[in-house]
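*Asks:* Below you will find the structure I want to go over with you.
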Amino acid sequence: MSEVKRALITGITGQDGGHLAALLHEKGYEIYGIIRGQHNPKREAVISEFPYVTLIDADLTDQSSLIRAMQTARPHEVYNLGAISHVGYSFKDPMLTNDVTAKGVLNMLEAIRLTDPENTVRFYQASTSEMFGGLEYNRPEKGYTEESAFHPRSPYGVAKLYGHWITQNYRESYDMFAVSGILFNHEGDRRGVEFVTRKITNAVARIKLGLQDHIELGDLWPKRDWGYAGDYVEGMWRMLQQDQPKDYVLATGETHSIEEFLDLAFKEIGIEDWKPYVKQNPAFMRPAEVDLLLGDPTKAETELGWKRKVDFPGLVKLMVQHDLAVESKKI
Ligand code: NAP
Ligand code: F7E
């Protein structure tokens, strides 16, 4: 009988950590999740929703804690999803972003190397479309691919680019099975309310229920390639099941503005003109913006057999309906 596969997930309290834990559980994995802080407010929620996950106290900035996590979990696969992941916040705390989102990747890779002399552990790094940066002169017509040039526009994007290159460097230097998924924006019912899609669907639900009368946002013209997070964790897993370690873009191949997201979200509650409900607030604007992101997922579709299932209207509907259900329980 073959051994049960063990996975270690950093970022278990985040959006993707939840989707990935559910997916790996379905696949029969023994799952370990890294949680940080002596009083993490999300600890109880993770325990109650994912009772099959063994939580390990560790922090991406503390390498000794990662070594202990490796010794406890003895994983076959490590998914490094932990990060300071909010682009706007990364401008406010660039040093911490660097420590967690950049150096944290190196801490995790070294912890693996030190505890895995047989070199059998497979490593997934959560890279991002923010490494491309938009910009007219750096934009391929059919969307960014694994070969496109990078031009990050935020401390977050710069930190992620370090994580991307150090992962590639460990693959080339030590023959590790270490890969990066270059994922474009993915959203859903687990998305944090600090991100624009969930902020909108949460507000739309509350406006419908009479719990608030408007929403304050930053720039509405940027465009993103928005998919559903549940589809994307399947792609992460597939990357670690390949014969060869390679990097892959996961994207929908479509791009939409925040205005288009607002259109669909408000239509879902029967409002055709959202403008009276939206106020612009410079506090939510960034020192440098990524104007447009569009990914070309051809390599993942061809080699991994991966394709997104939820389309843009389906994503907006799913999120608004979820928030209506959650917010109506508060009345
Ligand atoms: P998320 O919801 O913001 O979750 C981030 C996770 O990182 C949380 O569990 C957080 O824990 C953890 N974390 C923060 N600082 C840490 C530290 N010092 N040590 C250990 N863990 C720490 O992010 P997500 O949307 O699930 O994204 C998962 C990963 O994919 C991230 O690396 C993100 O940058 C990347 N990514 C996301 C997208 C997207 O559209 N969602 C696209 C491309 C790449 P706490 O709960 O304790 O704060
Ligand atoms: O912003 C604009 C904002 O914060 C999207 C992360 O998961 O995806 C995410 O990064 C756009 C930007 O996501 C508000 O300026 C307007 O143009 O939802 P977001 P993001 O910056 O694209 C990438 C791929 C990641 O890797 C990241 O980890 O929306 N925007 N008004 C706003 N954004 C926010 N958050 N809040 C606003 O009020």
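Chain labels A, B, ... are given in the sequence in which chains occur in the structure tokens; within each chain residues are numbered consecutively from 1, and ligands are likewise numbered from 1 in the order shown.
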Would you mind writing down, as a PyMOL selection string, each residue of range 130-317 of chain A that DSSP on the backbone assigns to helix (DSSP H, G or I)?
*Replies:* chain A and resi 130-131+136-138+155-174+196-208+229-240+258-268+275-277+282-284+298-304+312-317
*Asks:* Keeping only C-alpha atoms, write the selected residues to a file as a compact mmCIF listing (two decimals), in the first residue's frame.
*Replies:*
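Saved result, selection04.txt, follows:
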```txt
# COMPACT_ATOMS: atom_id res chain seq x y z
CA GLU A 130 2.01 41.75 -10.24
CA MET A 131 5.57 40.90 -11.36
CA GLU A 136 1.87 49.87 -22.47
CA TYR A 137 5.43 49.06 -23.56
CA ASN A 138 5.62 45.83 -21.54
CA PRO A 155 7.14 46.70 -3.04
CA TYR A 156 4.90 43.61 -3.16
CA GLY A 157 5.68 42.97 -6.83
CA VAL A 158 9.41 43.47 -6.26
CA ALA A 159 9.39 41.11 -3.24
CA LYS A 160 7.48 38.47 -5.24
CA LEU A 161 10.00 38.74 -8.06
CA TYR A 162 12.77 37.88 -5.59
CA GLY A 163 10.74 34.84 -4.46
CA HIS A 164 10.24 33.85 -8.09
CA TRP A 165 13.95 34.03 -8.98
CA ILE A 166 15.21 32.37 -5.79
CA THR A 167 12.82 29.47 -6.45
CA GLN A 168 14.21 29.12 -9.97
CA ASN A 169 17.74 29.42 -8.59
CA TYR A 170 17.22 26.58 -6.10
CA ARG A 171 15.76 24.43 -8.89
CA GLU A 172 18.82 25.08 -11.08
CA SER A 173 21.46 24.98 -8.32
CA TYR A 174 20.29 22.07 -6.18
CA VAL A 196 -11.50 45.34 -4.30
CA THR A 197 -13.79 42.53 -5.53
CA ARG A 198 -14.87 41.37 -2.08
CA LYS A 199 -15.05 44.95 -0.82
CA ILE A 200 -17.55 45.63 -3.63
CA THR A 201 -19.66 42.46 -3.25
CA ASN A 202 -19.81 42.89 0.52
CA ALA A 203 -20.92 46.52 0.14
CA VAL A 204 -23.44 45.65 -2.59
CA ALA A 205 -25.03 43.05 -0.31
CA ARG A 206 -25.14 45.51 2.58
CA ILE A 207 -26.64 48.26 0.37
CA LYS A 208 -29.35 45.83 -0.78
CA ALA A 229 -9.73 30.82 -6.52
CA GLY A 230 -11.24 27.33 -6.33
CA ASP A 231 -10.14 26.72 -9.93
CA TYR A 232 -6.63 28.05 -9.32
CA VAL A 233 -5.66 25.77 -6.40
CA GLU A 234 -6.32 22.80 -8.70
CA GLY A 235 -3.66 24.25 -11.01
CA MET A 236 -1.18 24.58 -8.11
CA TRP A 237 -1.62 20.92 -7.24
CA ARG A 238 -1.23 19.84 -10.88
CA MET A 239 2.09 21.71 -11.13
CA LEU A 240 3.52 19.53 -8.35
CA ILE A 258 -13.38 47.65 -11.82
CA GLU A 259 -16.24 49.59 -13.45
CA GLU A 260 -17.33 46.39 -15.25
CA PHE A 261 -17.18 44.51 -11.93
CA LEU A 262 -19.38 47.23 -10.37
CA ASP A 263 -21.84 46.99 -13.30
CA LEU A 264 -22.40 43.25 -12.80
CA ALA A 265 -22.38 43.35 -9.00
CA PHE A 266 -25.02 46.10 -8.77
CA LYS A 267 -27.13 44.48 -11.53
CA GLU A 268 -27.21 41.35 -9.36
CA LYS A 275 -22.65 55.80 -9.74
CA PRO A 276 -24.82 57.34 -6.97
CA TYR A 277 -23.56 54.63 -4.60
CA PRO A 282 -7.71 59.03 -2.69
CA ALA A 283 -6.80 56.98 0.41
CA PHE A 284 -7.42 53.86 -1.70
CA THR A 298 -1.96 28.30 -23.02
CA LYS A 299 0.99 26.42 -21.44
CA ALA A 300 -1.04 25.37 -18.37
CA GLU A 301 -4.00 24.37 -20.55
CA THR A 302 -1.80 22.30 -22.87
CA GLU A 303 0.62 20.69 -20.42
CA LEU A 304 -1.41 20.52 -17.17
CA PHE A 312 -16.35 36.55 -14.99
CA PRO A 313 -20.17 36.93 -14.67
CA GLY A 314 -20.28 33.63 -12.75
CA LEU A 315 -17.62 34.88 -10.34
CA VAL A 316 -19.41 38.17 -9.60
CA LYS A 317 -22.73 36.37 -9.10
```
*Asks:* So which residues are near ligand 1, meaning at most 8 Å away with only C-alpha atoms and all ligand atoms counted, given back as number ranges by chain?
*Replies:* A: 10-18, 34-37, 40, 42, 58-61, 80-86, 99-101, 104, 125-130, 156, 160, 182-187, 190-192, 226, 229
*Asks:* So that I can check the surroundings of range 245-257 of chain A, please list as a JSON list (two decimals) with N, CA and C atoms, in the first residue's frame every protein, DNA and RNA residue that reaches within 7 Å of it, counting only C-alpha atoms and ignoring chain neighbours fewer than 6 positions away.
*Replies:*
```
[["chain", "number", "residue", "atom", "x", "y", "z"],
["A", 143, "GLY", "N", -1.61, 38.61, -24.09],
["A", 143, "GLY", "CA", -1.48, 38.41, -22.65],
["A", 143, "GLY", "C", -0.09, 37.93, -22.27],
["A", 145, "THR", "N", 2.88, 35.75, -20.77],
["A", 145, "THR", "CA", 3.18, 34.32, -20.69],
["A", 145, "THR", "C", 4.34, 34.12, -19.70],
["A", 146, "GLU", "N", 4.77, 32.88, -19.56],
["A", 146, "GLU", "CA", 5.90, 32.53, -18.69],
["A", 146, "GLU", "C", 7.19, 33.20, -19.18],
["A", 177, "PHE", "N", 12.81, 20.05, -6.89],
["A", 177, "PHE", "CA", 11.54, 20.16, -7.62],
["A", 177, "PHE", "C", 10.84, 21.39, -7.03],
["A", 178, "ALA", "N", 11.25, 22.56, -7.54],
["A", 178, "ALA", "CA", 10.72, 23.83, -7.02],
["A", 178, "ALA", "C", 10.14, 24.61, -8.18],
["A", 179, "VAL", "N", 8.84, 24.93, -8.10],
["A", 179, "VAL", "CA", 8.17, 25.61, -9.22],
["A", 179, "VAL", "C", 7.41, 26.84, -8.73],
["A", 180, "SER", "N", 7.20, 27.77, -9.67],
["A", 180, "SER", "CA", 6.36, 28.94, -9.37],
["A", 180, "SER", "C", 5.13, 28.91, -10.26],
["A", 181, "GLY", "N", 3.99, 29.13, -9.64],
["A", 181, "GLY", "CA", 2.77, 29.38, -10.41],
["A", 181, "GLY", "C", 2.62, 30.89, -10.50],
["A", 182, "ILE", "N", 2.58, 31.41, -11.74],
["A", 182, "ILE", "CA", 2.40, 32.87, -11.91],
["A", 182, "ILE", "C", 0.91, 33.09, -12.05],
["A", 183, "LEU", "N", 0.26, 33.37, -10.93],
["A", 183, "LEU", "CA", -1.21, 33.41, -10.91],
["A", 183, "LEU", "C", -1.73, 34.83, -11.07],
["A", 184, "PHE", "N", -2.69, 34.99, -11.96],
["A", 184, "PHE", "CA", -3.39, 36.26, -12.09],
["A", 184, "PHE", "C", -4.48, 36.30, -11.01],
["A", 220, "LEU", "N", -10.97, 53.45, -10.57],
["A", 220, "LEU", "CA", -11.93, 52.46, -11.12],
["A", 220, "LEU", "C", -11.55, 51.97, -12.52],
["A", 221, "TRP", "N", -10.55, 52.59, -13.14],
["A", 221, "TRP", "CA", -10.20, 52.24, -14.52],
["A", 221, "TRP", "C", -9.26, 51.04, -14.66],
["A", 222, "PRO", "N", -8.45, 50.68, -13.61],
["A", 222, "PRO", "CA", -7.54, 49.54, -13.83],
["A", 222, "PRO", "C", -8.29, 48.27, -14.23],
["A", 223, "LYS", "N", -7.63, 47.45, -15.03],
["A", 223, "LYS", "CA", -8.24, 46.20, -15.50],
["A", 223, "LYS", "C", -7.45, 45.01, -14.97],
["A", 224, "ARG", "N", -8.20, 43.96, -14.63],
["A", 224, "ARG", "CA", -7.57, 42.76, -14.10],
["A", 224, "ARG", "C", -8.13, 41.51, -14.79],
["A", 225, "ASP", "N", -7.32, 40.46, -14.78],
["A", 225, "ASP", "CA", -7.72, 39.15, -15.30],
["A", 225, "ASP", "C", -8.19, 38.35, -14.09],
["A", 226, "TRP", "N", -9.52, 38.41, -13.85],
["A", 226, "TRP", "CA", -10.10, 37.87, -12.62],
["A", 226, "TRP", "C", -10.67, 36.46, -12.79],
["A", 227, "GLY", "N", -10.17, 35.49, -12.02],
["A", 227, "GLY", "CA", -10.72, 34.14, -12.03],
["A", 227, "GLY", "C", -11.19, 33.73, -10.63],
["A", 232, "TYR", "N", -8.08, 27.82, -9.25],
["A", 232, "TYR", "CA", -6.63, 28.05, -9.32],
["A", 232, "TYR", "C", -5.83, 27.10, -8.42],
["A", 293, "LEU", "N", -3.87, 43.99, -16.56],
["A", 293, "LEU", "CA", -3.26, 42.66, -16.52],
["A", 293, "LEU", "C", -4.13, 41.70, -17.32],
["A", 294, "LEU", "N", -3.45, 40.92, -18.15],
["A", 294, "LEU", "CA", -4.12, 39.92, -18.98],
["A", 294, "LEU", "C", -3.15, 38.76, -19.14],
["A", 295, "GLY", "N", -3.59, 37.55, -18.77],
["A", 295, "GLY", "CA", -2.69, 36.40, -18.84],
["A", 295, "GLY", "C", -3.03, 35.47, -19.99],
["A", 296, "ASP", "N", -2.01, 34.77, -20.47],
["A", 296, "ASP", "CA", -2.22, 33.76, -21.51],
["A", 296, "ASP", "C", -1.92, 32.39, -20.90],
["A", 297, "PRO", "N", -2.98, 31.62, -20.58],
["A", 297, "PRO", "CA", -2.78, 30.34, -19.86],
["A", 297, "PRO", "C", -2.52, 29.15, -20.78],
["A", 299, "LYS", "N", 0.06, 27.48, -21.88],
["A", 299, "LYS", "CA", 0.99, 26.42, -21.44],
["A", 299, "LYS", "C", 0.32, 25.54, -20.37],
["A", 300, "ALA", "N", -0.37, 26.16, -19.42],
["A", 300, "ALA", "CA", -1.04, 25.37, -18.37],
["A", 300, "ALA", "C", -2.17, 24.53, -18.97],
["A", 308, "ARG", "N", -9.79, 27.23, -16.37],
["A", 308, "ARG", "CA", -10.73, 27.79, -15.40],
["A", 308, "ARG", "C", -12.16, 27.38, -15.76]]
```
*Asks:* Just the strand (DSSP E or B) stuff from range 62-233 of chain A, please, per backbone DSSP, written as a PDB file with N, CA and C atoms, in the first residue's frame.
*Replies:*
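Output (result20.pdb):
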```pdb
ATOM      1  N   GLU A  77       5.031  17.510  -0.094  1.00  0.00           N
ATOM      2  CA  GLU A  77       4.808  18.732  -0.888  1.00  0.00           C
ATOM      3  C   GLU A  77       4.682  19.934   0.051  1.00  0.00           C
ATOM      4  N   VAL A  78       5.322  21.039  -0.323  1.00  0.00           N
ATOM      5  CA  VAL A  78       5.188  22.290   0.437  1.00  0.00           C
ATOM      6  C   VAL A  78       4.587  23.342  -0.496  1.00  0.00           C
ATOM      7  N   TYR A  79       3.500  23.968  -0.043  1.00  0.00           N
ATOM      8  CA  TYR A  79       2.860  25.040  -0.804  1.00  0.00           C
ATOM      9  C   TYR A  79       3.107  26.348  -0.050  1.00  0.00           C
ATOM     10  N   ASN A  80       3.939  27.221  -0.612  1.00  0.00           N
ATOM     11  CA  ASN A  80       4.267  28.473   0.088  1.00  0.00           C
ATOM     12  C   ASN A  80       3.313  29.586  -0.338  1.00  0.00           C
ATOM     13  N   ARG A 122       8.701  18.399  -2.867  1.00  0.00           N
ATOM     14  CA  ARG A 122       8.297  19.261  -3.984  1.00  0.00           C
ATOM     15  C   ARG A 122       7.776  20.584  -3.440  1.00  0.00           C
ATOM     16  N   PHE A 123       8.197  21.686  -4.049  1.00  0.00           N
ATOM     17  CA  PHE A 123       7.927  23.029  -3.505  1.00  0.00           C
ATOM     18  C   PHE A 123       7.161  23.872  -4.524  1.00  0.00           C
ATOM     19  N   TYR A 124       6.047  24.477  -4.048  1.00  0.00           N
ATOM     20  CA  TYR A 124       5.268  25.407  -4.880  1.00  0.00           C
ATOM     21  C   TYR A 124       5.411  26.817  -4.329  1.00  0.00           C
ATOM     22  N   GLN A 125       5.817  27.772  -5.173  1.00  0.00           N
ATOM     23  CA  GLN A 125       5.888  29.177  -4.781  1.00  0.00           C
ATOM     24  C   GLN A 125       4.764  29.957  -5.438  1.00  0.00           C
ATOM     25  N   ALA A 126       4.077  30.780  -4.613  1.00  0.00           N
ATOM     26  CA  ALA A 126       2.945  31.571  -5.110  1.00  0.00           C
ATOM     27  C   ALA A 126       3.437  32.857  -5.762  1.00  0.00           C
ATOM     28  N   SER A 127       3.847  32.761  -7.031  1.00  0.00           N
ATOM     29  CA  SER A 127       4.218  33.963  -7.780  1.00  0.00           C
ATOM     30  C   SER A 127       2.965  34.639  -8.322  1.00  0.00           C
ATOM     31  N   THR A 128       3.152  35.810  -8.940  1.00  0.00           N
ATOM     32  CA  THR A 128       1.995  36.653  -9.235  1.00  0.00           C
ATOM     33  C   THR A 128       2.141  37.470 -10.515  1.00  0.00           C
ATOM     34  N   TYR A 144       0.240  38.141 -20.994  1.00  0.00           N
ATOM     35  CA  TYR A 144       1.555  37.747 -20.472  1.00  0.00           C
ATOM     36  C   TYR A 144       1.681  36.230 -20.427  1.00  0.00           C
ATOM     37  N   PHE A 177      12.809  20.046  -6.890  1.00  0.00           N
ATOM     38  CA  PHE A 177      11.541  20.158  -7.616  1.00  0.00           C
ATOM     39  C   PHE A 177      10.838  21.387  -7.032  1.00  0.00           C
ATOM     40  N   ALA A 178      11.248  22.560  -7.538  1.00  0.00           N
ATOM     41  CA  ALA A 178      10.724  23.833  -7.023  1.00  0.00           C
ATOM     42  C   ALA A 178      10.136  24.613  -8.185  1.00  0.00           C
ATOM     43  N   VAL A 179       8.837  24.933  -8.101  1.00  0.00           N
ATOM     44  CA  VAL A 179       8.174  25.614  -9.216  1.00  0.00           C
ATOM     45  C   VAL A 179       7.412  26.843  -8.731  1.00  0.00           C
ATOM     46  N   SER A 180       7.199  27.769  -9.669  1.00  0.00           N
ATOM     47  CA  SER A 180       6.362  28.940  -9.375  1.00  0.00           C
ATOM     48  C   SER A 180       5.130  28.912 -10.257  1.00  0.00           C
ATOM     49  N   GLY A 181       3.990  29.133  -9.635  1.00  0.00           N
ATOM     50  CA  GLY A 181       2.770  29.382 -10.405  1.00  0.00           C
ATOM     51  C   GLY A 181       2.622  30.890 -10.496  1.00  0.00           C
ATOM     52  N   ILE A 182       2.584  31.412 -11.737  1.00  0.00           N
ATOM     53  CA  ILE A 182       2.402  32.870 -11.906  1.00  0.00           C
ATOM     54  C   ILE A 182       0.907  33.092 -12.052  1.00  0.00           C
ATOM     55  N   LEU A 183       0.259  33.374 -10.929  1.00  0.00           N
ATOM     56  CA  LEU A 183      -1.211  33.413 -10.915  1.00  0.00           C
ATOM     57  C   LEU A 183      -1.729  34.833 -11.066  1.00  0.00           C
ATOM     58  N   HIS A 186      -7.243  35.999  -8.461  1.00  0.00           N
ATOM     59  CA  HIS A 186      -8.324  35.023  -8.282  1.00  0.00           C
ATOM     60  C   HIS A 186      -9.050  35.345  -6.987  1.00  0.00           C
ATOM     61  N   GLU A 187     -10.358  35.256  -7.058  1.00  0.00           N
ATOM     62  CA  GLU A 187     -11.258  35.798  -6.033  1.00  0.00           C
ATOM     63  C   GLU A 187     -12.260  34.736  -5.618  1.00  0.00           C
ATOM     64  N   ILE A 215     -20.246  53.088  -1.082  1.00  0.00           N
ATOM     65  CA  ILE A 215     -18.936  52.447  -0.937  1.00  0.00           C
ATOM     66  C   ILE A 215     -17.860  53.427  -1.409  1.00  0.00           C
ATOM     67  N   GLU A 216     -16.716  53.447  -0.704  1.00  0.00           N
ATOM     68  CA  GLU A 216     -15.611  54.337  -1.088  1.00  0.00           C
ATOM     69  C   GLU A 216     -14.502  53.511  -1.718  1.00  0.00           C
ATOM     70  N   LEU A 217     -14.103  53.894  -2.914  1.00  0.00           N
ATOM     71  CA  LEU A 217     -13.079  53.158  -3.658  1.00  0.00           C
ATOM     72  C   LEU A 217     -12.019  54.112  -4.194  1.00  0.00           C
ATOM     73  N   LYS A 223      -7.626  47.446 -15.034  1.00  0.00           N
ATOM     74  CA  LYS A 223      -8.238  46.198 -15.503  1.00  0.00           C
ATOM     75  C   LYS A 223      -7.454  45.013 -14.969  1.00  0.00           C
ATOM     76  N   ARG A 224      -8.201  43.961 -14.628  1.00  0.00           N
ATOM     77  CA  ARG A 224      -7.568  42.756 -14.099  1.00  0.00           C
ATOM     78  C   ARG A 224      -8.131  41.512 -14.792  1.00  0.00           C
ATOM     79  N   GLY A 227     -10.168  35.489 -12.022  1.00  0.00           N
ATOM     80  CA  GLY A 227     -10.722  34.138 -12.031  1.00  0.00           C
ATOM     81  C   GLY A 227     -11.188  33.734 -10.632  1.00  0.00           C
ATOM     82  N   TYR A 228     -11.621  32.479 -10.523  1.00  0.00           N
ATOM     83  CA  TYR A 228     -12.146  31.959  -9.256  1.00  0.00           C
ATOM     84  C   TYR A 228     -11.062  31.137  -8.546  1.00  0.00           C
TER      85      TYR A 228
END
```
*Asks:* What lies within 8 Å of Leu324 in chain A using only C-alpha atoms, ignoring chain neighbours under 2 positions off, as a list in words?
*Replies:*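 Residues near the query, excluding close chain neighbours: Asn202, Ala205, Arg206, Leu209, Val320, Gln321, His322, Val326, Glu327 and Ser328 of chain A.
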*Asks:* From the options A:Gly305, A:Gly134, A:Gly270, A:Gly88, which residue's atoms come nearest to ligand 2, counting only C-alpha atoms and all ligand atoms?
*Replies:* A:Gly88
*Asks:* Find, counting only C-alpha atoms, the residue in A:Ala21, A:Ser90, A:Asn119, A:Lys279 that gets nearest to Ile47 in chain A.
*Replies:* A:Ala21
*Asks:* For range 115-117 of chain A, find every residue with an atom within 8 Å (counting only C-alpha atoms), except residues of its own chain fewer than 5 positions away, and show them as an NGL selection string.
*Replies:* :A and (67 or 70-71)
*Asks:* Write out, as an mmCIF file, in the first residue's frame, the residues just selected, with C-alpha atoms.
*Replies:*
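Saved the output as part-v1.cif:
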```cif
data_model
loop_
_atom_site.group_PDB
_atom_site.id
_atom_site.type_symbol
_atom_site.label_atom_id
_atom_site.label_comp_id
_atom_site.auth_asym_id
_atom_site.auth_seq_id
_atom_site.Cartn_x
_atom_site.Cartn_y
_atom_site.Cartn_z
ATOM 1 C CA ILE A 67 12.791 23.922 10.181
ATOM 2 C CA MET A 70 9.391 20.590 8.322
ATOM 3 C CA GLN A 71 10.531 18.127 11.010
#
```
